[in-house]
file structure_14.txt (compact mmCIF, C-alpha atoms)
# COMPACT_ATOMS: atom_id res chain seq x y z
CA MET A 1 0.00 0.00 0.00
CA MET A 2 1.17 3.52 -0.77
CA THR A 3 2.68 5.44 2.15
CA GLY A 4 2.22 9.12 3.04
CA HIS A 5 5.15 11.44 3.74
CA VAL A 6 5.24 14.98 5.10
CA TYR A 7 7.91 17.58 4.42
CA ILE A 8 6.94 20.99 5.73
CA ALA A 9 8.21 24.10 7.49
CA THR A 10 6.54 25.78 10.44
CA SER A 11 7.17 28.84 12.54
CA LEU A 12 8.44 28.00 16.02
CA ASP A 13 4.86 28.46 17.22
CA GLY A 14 3.62 25.82 14.80
CA PHE A 15 2.09 27.68 11.87
CA ILE A 16 2.59 26.72 8.22
CA ALA A 17 1.26 30.07 6.93
CA ARG A 18 -0.37 33.24 8.17
CA SER A 19 -4.16 33.14 8.34
CA ASP A 20 -4.41 34.49 4.78
CA GLY A 21 -1.97 31.84 3.51
CA SER A 22 0.99 34.18 3.19
CA LEU A 23 4.55 32.96 3.65
CA ASP A 24 6.39 36.28 3.85
CA TRP A 25 7.80 35.31 7.28
CA LEU A 26 9.37 32.22 5.67
CA MET A 27 10.43 33.73 2.36
CA LYS A 28 12.49 36.43 4.04
CA TYR A 29 15.22 33.91 4.88
CA PRO A 30 18.05 33.43 2.38
CA THR A 31 17.84 30.11 0.52
CA ASP A 32 21.58 29.73 0.19
CA ASP A 33 22.04 26.74 2.42
CA GLY A 34 23.25 24.66 -0.50
CA ALA A 35 21.45 21.39 -0.11
CA ASN A 36 18.03 23.00 -0.48
CA TYR A 37 17.30 21.43 2.92
CA GLY A 38 16.96 17.99 1.30
CA PHE A 39 13.79 19.00 -0.50
CA ASP A 40 14.98 17.94 -3.97
CA ASP A 41 15.86 14.46 -2.73
CA PHE A 42 12.54 14.22 -0.95
CA MET A 43 10.65 15.28 -4.06
CA ASP A 44 12.58 12.74 -6.14
CA SER A 45 11.48 10.02 -3.71
CA VAL A 46 7.72 10.46 -4.17
CA ASP A 47 5.40 9.49 -7.02
CA GLY A 48 3.35 12.63 -6.60
CA LEU A 49 1.60 15.02 -4.23
CA ILE A 50 -1.77 15.00 -2.53
CA MET A 51 -3.08 18.32 -1.24
CA GLY A 52 -6.37 19.87 -0.20
CA ARG A 53 -8.19 22.65 -1.99
CA GLY A 54 -6.86 25.30 0.39
CA THR A 55 -3.23 24.48 -0.31
CA TYR A 56 -3.92 24.18 -4.05
CA GLU A 57 -5.41 27.66 -4.11
CA VAL A 58 -2.47 29.07 -2.15
CA VAL A 59 -0.06 27.55 -4.70
CA LEU A 60 -2.12 28.95 -7.59
CA GLY A 61 -2.07 32.32 -5.86
CA PHE A 62 1.73 32.43 -6.02
CA GLY A 63 1.31 33.01 -9.78
CA GLY A 64 4.19 32.25 -12.13
CA GLU A 65 4.99 28.78 -13.34
CA TRP A 66 3.37 25.72 -11.80
CA PRO A 67 6.04 24.56 -9.34
CA TYR A 68 5.59 20.78 -9.43
CA LYS A 69 6.94 18.34 -12.01
CA LYS A 70 5.29 15.40 -10.28
CA PRO A 71 1.55 14.76 -10.59
CA VAL A 72 -0.64 16.57 -8.08
CA VAL A 73 -3.90 15.17 -6.76
CA VAL A 74 -6.22 17.75 -5.18
CA LEU A 75 -8.77 16.29 -2.79
CA SER A 76 -11.88 18.45 -3.01
CA SER A 77 -15.61 18.06 -2.86
CA SER A 78 -16.26 21.56 -4.23
CA LEU A 79 -13.90 21.69 -7.23
CA SER A 80 -14.20 19.62 -10.38
CA GLN A 81 -11.75 18.83 -13.17
CA GLU A 82 -13.29 21.60 -15.31
CA ASP A 83 -12.10 24.17 -12.77
CA VAL A 84 -8.49 23.32 -13.58
CA ASP A 85 -6.78 25.66 -16.01
CA GLN A 86 -5.89 24.12 -19.38
CA THR A 87 -2.20 24.74 -18.78
CA LEU A 88 -2.36 22.32 -15.84
CA GLU A 89 -3.92 19.50 -17.83
CA GLY A 90 -2.16 16.25 -17.03
CA LYS A 91 -0.52 17.89 -14.03
CA VAL A 92 -3.42 18.43 -11.64
CA ARG A 93 -6.21 15.99 -10.99
CA ILE A 94 -9.21 16.82 -8.81
CA VAL A 95 -10.56 13.85 -6.88
CA GLN A 96 -13.42 13.66 -4.40
CA ALA A 97 -12.32 10.95 -1.99
CA THR A 98 -11.51 10.29 1.65
CA PRO A 99 -7.86 9.85 2.65
CA LYS A 100 -8.29 6.05 2.77
CA GLU A 101 -10.01 6.01 -0.62
CA ILE A 102 -7.32 8.07 -2.34
CA VAL A 103 -4.58 5.88 -0.87
CA GLN A 104 -6.35 2.85 -2.35
CA ILE A 105 -6.91 4.54 -5.71
CA LEU A 106 -3.30 5.68 -6.10
CA SER A 107 -1.90 2.39 -4.80
CA ASP A 108 -3.89 0.64 -7.53
CA GLU A 109 -2.29 3.01 -10.04
CA GLY A 110 1.16 2.03 -8.81
CA TRP A 111 2.04 4.92 -6.48
CA LYS A 112 4.40 3.83 -3.69
CA ARG A 113 5.00 7.12 -1.87
CA ALA A 114 2.94 10.32 -1.76
CA TYR A 115 3.90 13.77 -0.49
CA ILE A 116 1.00 14.84 1.72
CA ASP A 117 0.81 18.63 1.85
CA GLY A 118 -1.25 21.20 3.74
CA GLY A 119 -2.32 21.41 7.37
CA LYS A 120 -5.83 20.01 7.19
CA LEU A 121 -4.88 17.14 4.90
CA ILE A 122 -1.86 16.21 7.02
CA GLN A 123 -4.11 16.20 10.09
CA SER A 124 -6.68 13.89 8.50
CA PHE A 125 -4.01 11.54 7.13
CA LEU A 126 -2.33 11.41 10.55
CA GLN A 127 -5.63 10.73 12.27
CA GLU A 128 -6.23 7.81 9.87
CA GLY A 129 -2.73 6.36 10.35
CA LEU A 130 -1.74 7.08 6.75
CA ILE A 131 1.47 9.04 7.39
CA GLN A 132 4.71 7.06 7.62
CA ASP A 133 7.11 9.87 8.35
CA MET A 134 7.35 13.64 8.72
CA THR A 135 10.26 15.96 8.08
CA LEU A 136 9.52 19.17 9.99
CA THR A 137 11.63 22.29 9.69
CA ARG A 138 11.32 24.84 12.48
CA ILE A 139 11.85 28.41 11.38
CA PRO A 140 13.25 30.67 14.15
CA ILE A 141 10.33 33.08 14.32
CA LEU A 142 7.09 33.44 16.28
CA ILE A 143 4.19 34.76 14.19
CA GLY A 144 1.47 34.53 16.82
CA GLU A 145 -1.37 33.22 14.67
CA GLY A 146 -2.00 31.51 11.36
CA ILE A 147 -2.80 28.13 9.84
CA PRO A 148 -1.56 25.45 12.25
CA LEU A 149 0.25 22.34 11.09
CA PHE A 150 -1.34 20.15 13.73
CA GLY A 151 -4.86 19.95 15.06
CA PRO A 152 -7.16 17.93 17.31
CA LEU A 153 -6.75 14.16 17.40
CA ASP A 154 -8.91 11.47 18.93
CA HIS A 155 -5.82 9.73 20.36
CA ASP A 156 -2.17 10.47 21.16
CA ILE A 157 0.26 9.68 18.36
CA ASP A 158 3.72 8.49 19.40
CA LEU A 159 6.55 9.35 17.07
CA GLU A 160 10.06 8.03 16.71
CA HIS A 161 12.74 10.68 16.32
CA ILE A 162 15.02 9.66 13.45
CA LYS A 163 17.38 12.61 13.12
CA THR A 164 17.74 16.33 13.57
CA GLU A 165 19.92 18.73 11.66
CA SER A 166 20.35 22.47 12.10
CA PHE A 167 21.47 24.98 9.48
CA PRO A 168 23.31 28.32 9.49
CA SER A 169 19.95 29.95 8.73
CA GLY A 170 18.72 28.82 12.14
CA PHE A 171 16.36 26.31 10.58
CA VAL A 172 16.11 23.06 12.57
CA MET A 173 14.98 20.03 10.58
CA SER A 174 13.76 16.93 12.41
CA LYS A 175 12.55 13.69 10.89
CA TYR A 176 10.03 11.55 12.77
CA GLU A 177 8.47 8.21 11.96
CA VAL A 178 4.94 7.56 13.08
CA ARG A 179 5.03 4.48 15.29
CA SER A 180 2.92 1.66 13.99
CA GLY A 181 -0.12 1.03 16.13
CA ASN A 182 -0.94 4.73 16.30
CA MET B 1 18.02 44.82 34.58
CA MET B 2 17.05 41.22 35.34
CA THR B 3 16.61 38.95 32.33
CA GLY B 4 13.94 36.28 31.77
CA HIS B 5 14.79 32.75 30.70
CA VAL B 6 12.57 29.90 29.57
CA TYR B 7 13.26 26.20 29.93
CA ILE B 8 10.28 24.07 28.99
CA ALA B 9 9.16 20.92 27.22
CA THR B 10 6.33 20.69 24.73
CA SER B 11 4.66 17.97 22.74
CA LEU B 12 5.54 18.12 19.05
CA ASP B 13 2.22 19.89 18.53
CA GLY B 14 3.22 22.62 20.97
CA PHE B 15 1.44 21.83 24.25
CA ILE B 16 3.05 22.10 27.68
CA ALA B 17 0.29 20.08 29.39
CA ARG B 18 -3.08 18.53 28.65
CA SER B 19 -6.06 20.83 29.15
CA ASP B 20 -6.40 19.66 32.77
CA GLY B 21 -2.70 20.31 33.42
CA SER B 22 -1.64 16.67 33.34
CA LEU B 23 1.80 15.63 32.18
CA ASP B 24 1.28 11.87 31.83
CA TRP B 25 2.33 12.04 28.16
CA LEU B 26 5.68 13.54 29.27
CA MET B 27 6.24 11.50 32.42
CA LYS B 28 5.99 8.20 30.55
CA TYR B 29 9.48 8.71 29.09
CA PRO B 30 12.45 7.30 30.98
CA THR B 31 14.54 10.00 32.67
CA ASP B 32 17.80 8.12 32.30
CA ASP B 33 19.50 10.41 29.85
CA GLY B 34 22.19 11.22 32.38
CA ALA B 35 22.61 14.94 32.05
CA ASN B 36 19.05 15.62 33.19
CA TYR B 37 18.75 17.52 29.92
CA GLY B 38 20.77 20.40 31.35
CA PHE B 39 18.00 21.32 33.75
CA ASP B 40 20.18 21.29 36.89
CA ASP B 41 22.68 23.67 35.29
CA PHE B 42 19.86 25.91 34.13
CA MET B 43 18.32 25.98 37.60
CA ASP B 44 21.72 26.79 39.13
CA SER B 45 21.97 29.79 36.79
CA VAL B 46 18.84 31.58 37.95
CA ASP B 47 18.05 33.56 41.09
CA GLY B 48 14.53 32.22 41.23
CA LEU B 49 11.32 31.44 39.37
CA ILE B 50 8.37 33.53 38.30
CA MET B 51 5.16 31.67 37.48
CA GLY B 52 1.46 32.37 37.13
CA ARG B 53 -1.28 31.09 39.39
CA GLY B 54 -2.20 28.29 36.97
CA THR B 55 1.29 26.81 36.95
CA TYR B 56 1.60 27.24 40.72
CA GLU B 57 -1.59 25.29 41.27
CA VAL B 58 -0.45 22.54 38.91
CA VAL B 59 2.81 22.23 40.88
CA LEU B 60 0.89 22.13 44.18
CA GLY B 61 -1.36 19.46 42.65
CA PHE B 62 1.61 17.13 42.15
CA GLY B 63 1.64 16.71 45.94
CA GLY B 64 4.77 15.52 47.69
CA GLU B 65 7.65 17.80 48.52
CA TRP B 66 7.86 21.31 47.10
CA PRO B 67 10.21 20.83 44.15
CA TYR B 68 12.08 24.15 44.10
CA LYS B 69 15.04 25.20 46.22
CA LYS B 70 15.14 28.67 44.67
CA PRO B 71 12.59 31.33 45.60
CA VAL B 72 9.35 31.27 43.65
CA VAL B 73 7.33 34.38 42.86
CA VAL B 74 3.72 33.74 41.88
CA LEU B 75 2.10 36.53 39.90
CA SER B 76 -1.57 36.59 40.79
CA SER B 77 -4.34 39.08 41.28
CA SER B 78 -6.63 36.54 42.96
CA LEU B 79 -4.29 34.90 45.49
CA SER B 80 -2.75 36.58 48.51
CA GLN B 81 0.14 35.63 50.76
CA GLU B 82 -2.30 34.15 53.30
CA ASP B 83 -3.31 31.52 50.74
CA VAL B 84 0.20 30.06 50.86
CA ASP B 85 0.64 27.03 53.09
CA GLN B 86 2.85 27.58 56.13
CA THR B 87 5.30 24.94 54.91
CA LEU B 88 6.05 27.17 51.92
CA GLU B 89 6.81 30.25 53.98
CA GLY B 90 9.93 31.91 52.67
CA LYS B 91 9.75 29.80 49.52
CA VAL B 92 6.70 31.18 47.75
CA ARG B 93 5.80 34.82 47.48
CA ILE B 94 2.53 36.04 45.93
CA VAL B 95 2.83 39.32 44.08
CA GLN B 96 0.24 41.28 42.15
CA ALA B 97 2.25 42.98 39.42
CA THR B 98 2.62 43.25 35.67
CA PRO B 99 5.58 41.55 34.01
CA LYS B 100 7.41 44.89 33.74
CA GLU B 101 6.71 45.73 37.36
CA ILE B 102 7.95 42.40 38.71
CA VAL B 103 11.13 42.66 36.63
CA GLN B 104 11.75 46.07 38.23
CA ILE B 105 10.95 44.82 41.74
CA LEU B 106 13.21 41.78 41.52
CA SER B 107 16.01 43.71 39.81
CA ASP B 108 15.94 46.12 42.72
CA GLU B 109 16.28 43.13 45.04
CA GLY B 110 19.37 42.00 43.15
CA TRP B 111 17.96 39.27 40.88
CA LYS B 112 19.96 38.91 37.66
CA ARG B 113 18.20 36.00 35.96
CA ALA B 114 14.69 34.63 36.43
CA TYR B 115 13.20 31.35 35.21
CA ILE B 116 9.89 32.29 33.63
CA ASP B 117 7.50 29.34 33.76
CA GLY B 118 4.03 28.54 32.43
CA GLY B 119 2.40 29.19 29.06
CA LYS B 120 0.47 32.37 29.80
CA LEU B 121 3.31 34.03 31.70
CA ILE B 122 5.85 33.15 29.03
CA GLN B 123 3.51 34.65 26.42
CA SER B 124 3.13 37.91 28.28
CA PHE B 125 6.85 38.21 29.02
CA LEU B 126 7.63 37.52 25.35
CA GLN B 127 5.09 40.10 24.23
CA GLU B 128 6.76 42.65 26.51
CA GLY B 129 10.29 41.83 25.32
CA LEU B 130 11.30 40.47 28.72
CA ILE B 131 12.60 37.05 27.63
CA GLN B 132 16.28 36.78 26.72
CA ASP B 133 16.43 33.13 25.72
CA MET B 134 14.34 29.97 25.55
CA THR B 135 15.42 26.36 25.79
CA LEU B 136 12.62 24.31 24.26
CA THR B 137 12.53 20.53 24.35
CA ARG B 138 10.30 18.82 21.82
CA ILE B 139 8.83 15.53 23.00
CA PRO B 140 8.14 13.06 20.17
CA ILE B 141 4.39 12.81 20.65
CA LEU B 142 1.27 14.51 19.33
CA ILE B 143 -1.43 14.98 21.98
CA GLY B 144 -3.94 16.94 19.87
CA GLU B 145 -5.03 19.50 22.43
CA GLY B 146 -3.94 21.07 25.70
CA ILE B 147 -2.32 24.18 27.13
CA PRO B 148 -0.23 25.78 24.39
CA LEU B 149 3.23 27.18 25.02
CA PHE B 150 2.77 30.03 22.58
CA GLY B 151 -0.15 32.33 21.88
CA PRO B 152 -1.21 35.44 19.98
CA LEU B 153 1.30 38.28 19.60
CA ASP B 154 0.87 41.78 18.32
CA HIS B 155 4.09 41.50 16.26
CA ASP B 156 6.39 38.81 14.87
CA ILE B 157 9.29 37.86 17.13
CA ASP B 158 12.54 36.90 15.41
CA LEU B 159 14.71 34.41 17.23
CA GLU B 160 18.32 33.41 16.89
CA HIS B 161 18.97 29.68 16.95
CA ILE B 162 21.88 29.01 19.31
CA LYS B 163 22.11 25.22 19.39
CA THR B 164 20.13 22.03 19.09
CA GLU B 165 20.81 18.69 20.70
CA SER B 166 18.91 15.44 20.41
CA PHE B 167 18.80 12.61 22.92
CA PRO B 168 18.32 8.83 22.78
CA SER B 169 14.83 9.41 24.24
CA GLY B 170 13.91 11.23 21.02
CA PHE B 171 13.79 14.55 22.84
CA VAL B 172 15.12 17.45 20.74
CA MET B 173 16.32 20.44 22.72
CA SER B 174 16.85 23.79 20.98
CA LYS B 175 18.06 27.02 22.50
CA TYR B 176 16.96 30.34 20.98
CA GLU B 177 17.82 33.91 21.84
CA VAL B 178 15.20 36.57 21.33
CA ARG B 179 16.67 39.15 18.96
CA SER B 180 16.84 42.58 20.45
CA GLY B 181 14.42 44.99 18.88
CA ASN B 182 11.59 42.47 19.05
call {"tool": "encode", "arguments": {"input": "structure_14.txt", "output": "structure tokens"}}
result
Amino acid sequence: MMTGHVYIATSLDGFIARSDGSLDWLMKYPTDDGANYGFDDFMDSVDGLIMGRGTYEVVLGFGGEWPYKKPVVVLSSSLSQEDVDQTLEGKVRIVQATPKEIVQILSDEGWKRAYIDGGKLIQSFLQEGLIQDMTLTRIPILIGEGIPLFGPLDHDIDLEHIKTESFPSGFVMSKYEVRSGN
Amino acid sequence: MMTGHVYIATSLDGFIARSDGSLDWLMKYPTDDGANYGFDDFMDSVDGLIMGRGTYEVVLGFGGEWPYKKPVVVLSSSLSQEDVDQTLEGKVRIVQATPKEIVQILSDEGWKRAYIDGGKLIQSFLQEGLIQDMTLTRIPILIGEGIPLFGPLDHDIDLEHIKTESFPSGFVMSKYEVRSGN
């Protein structure tokens, strides 16, 4: 079965974006740390991305070129394939499905590893036990409010710390595996 | 002027305790990492602790011996010195003061460094620019809800990452300085 993987940055107080989706607090840091914080390797390791409508619309809002070479599946009950701009044909697929359903669908299509993106989607995949590991990068800033990475759960989730690395930028990147049985 | 220092553990989703104050999720980890996570050295470095009523009552609720050798100042507008048990005489002082006022009072008494404890008090000291550094230990568990370490701010607060250390327990301890001008 396909596994879900998270790679995301948060402010030290746990937000992935300001309430309006903006990332100015993150973008102000220089991106000259060489290894691109392992993101290229991570992206190479997945068959594609799964995101919610909110994250999709934030990405669209950035304007410019579509940033992903890998296929993107947008889980949404309000969008349909006709809402997707022609230029994104073959790149973005809108699917109305639960986390479990989309894992089954993509597994059947041969996906082994999916990049799960966006706060709400990560929360629902975690809750359903569909995340295998998370690489979290803590940015050294407090922004006070915004869109949180984590949310309510109906049970504790134990994680296994795999490794932590810090960078001259002050970013601290930790990888955790979700313990089986969670 | 006296400086404020934070040394605290949070779940990976940013809580310092469950909503009822309980720390079962933290206490279940073995405490055999030798160095006591630097806590003894930290405690040696401060003149005393400042906490809010909520944290004070949680500590009292643990029962057993009073855990602090250093003087504890409890900021509260609802408690008075008569509420403090006789056995804590000389150990616990109730003061009704703002963060700025208590910093002035204790500076005048010769305090150089204070351990600022508890979510709400840390938030108000941060907001007022009264925290010099924070040592945050991330516990590898998601608990979904509880008492958050951080809260709303009226401005971003930039931090400087000083160092990060991880332990066999999976705990990840990071020290940050609050940049001046915040």
call {"tool": "residues_around", "arguments": {"input": "structure_14.txt", "residues": "stretch 75-90 of chain A", "least_positions_apart": "3", "cutoff": "7 Å", "atoms": "all atoms listed in the file", "output": "ChimeraX atom specification"}}
result
/A:51-53,93-97
call {"tool": "interface_residues", "arguments": {"input": "structure_14.txt", "of": "chain B", "to": "chain A", "cutoff": "10 Å", "atoms": "all atoms listed in the file", "output": "NGL selection string"}}
result
:B and (12-14 or 25 or 123 or 126-127 or 136 or 139-146 or 148-172 or 174 or 176-179)
call {"tool": "residues_around", "arguments": {"input": "structure_14.txt", "residues": "A:Met43", "least_positions_apart": "5", "cutoff": "9 Å", "atoms": "all atoms listed in the file", "output": "list in words"}}
result
Gly38, Gly48, Lys70 and Tyr115 of chain A
call {"tool": "atom_distance", "arguments": {"input": "structure_14.txt", "atom1": "atom CA of A:Pro30", "atom2": "atom CA of A:Lys120"}}
result
27.8 Å
call {"tool": "atom_distance", "arguments": {"input": "structure_14.txt", "atom1": "atom CA of A:Gly54", "atom2": "atom CA of A:His5"}}
result
18.6 Å
call {"tool": "closest_residue", "arguments": {"input": "structure_14.txt", "among": "A:Val6, A:Val92, A:Asp44, A:Gln104", "to": "A:Met134", "atoms": "only C-alpha atoms"}}
result
A:Val6
call {"tool": "atom_distance", "arguments": {"input": "structure_14.txt", "atom1": "atom CA of A:Ser124", "atom2": "atom CA of A:Ser19"}}
result
19.4 Å
call {"tool": "closest_residue", "arguments": {"input": "structure_14.txt", "among": "B:Leu60, B:Ile147, B:Met1, B:Leu26", "to": "B:Ile105", "atoms": "all atoms listed in the file"}}
result
B:Met1
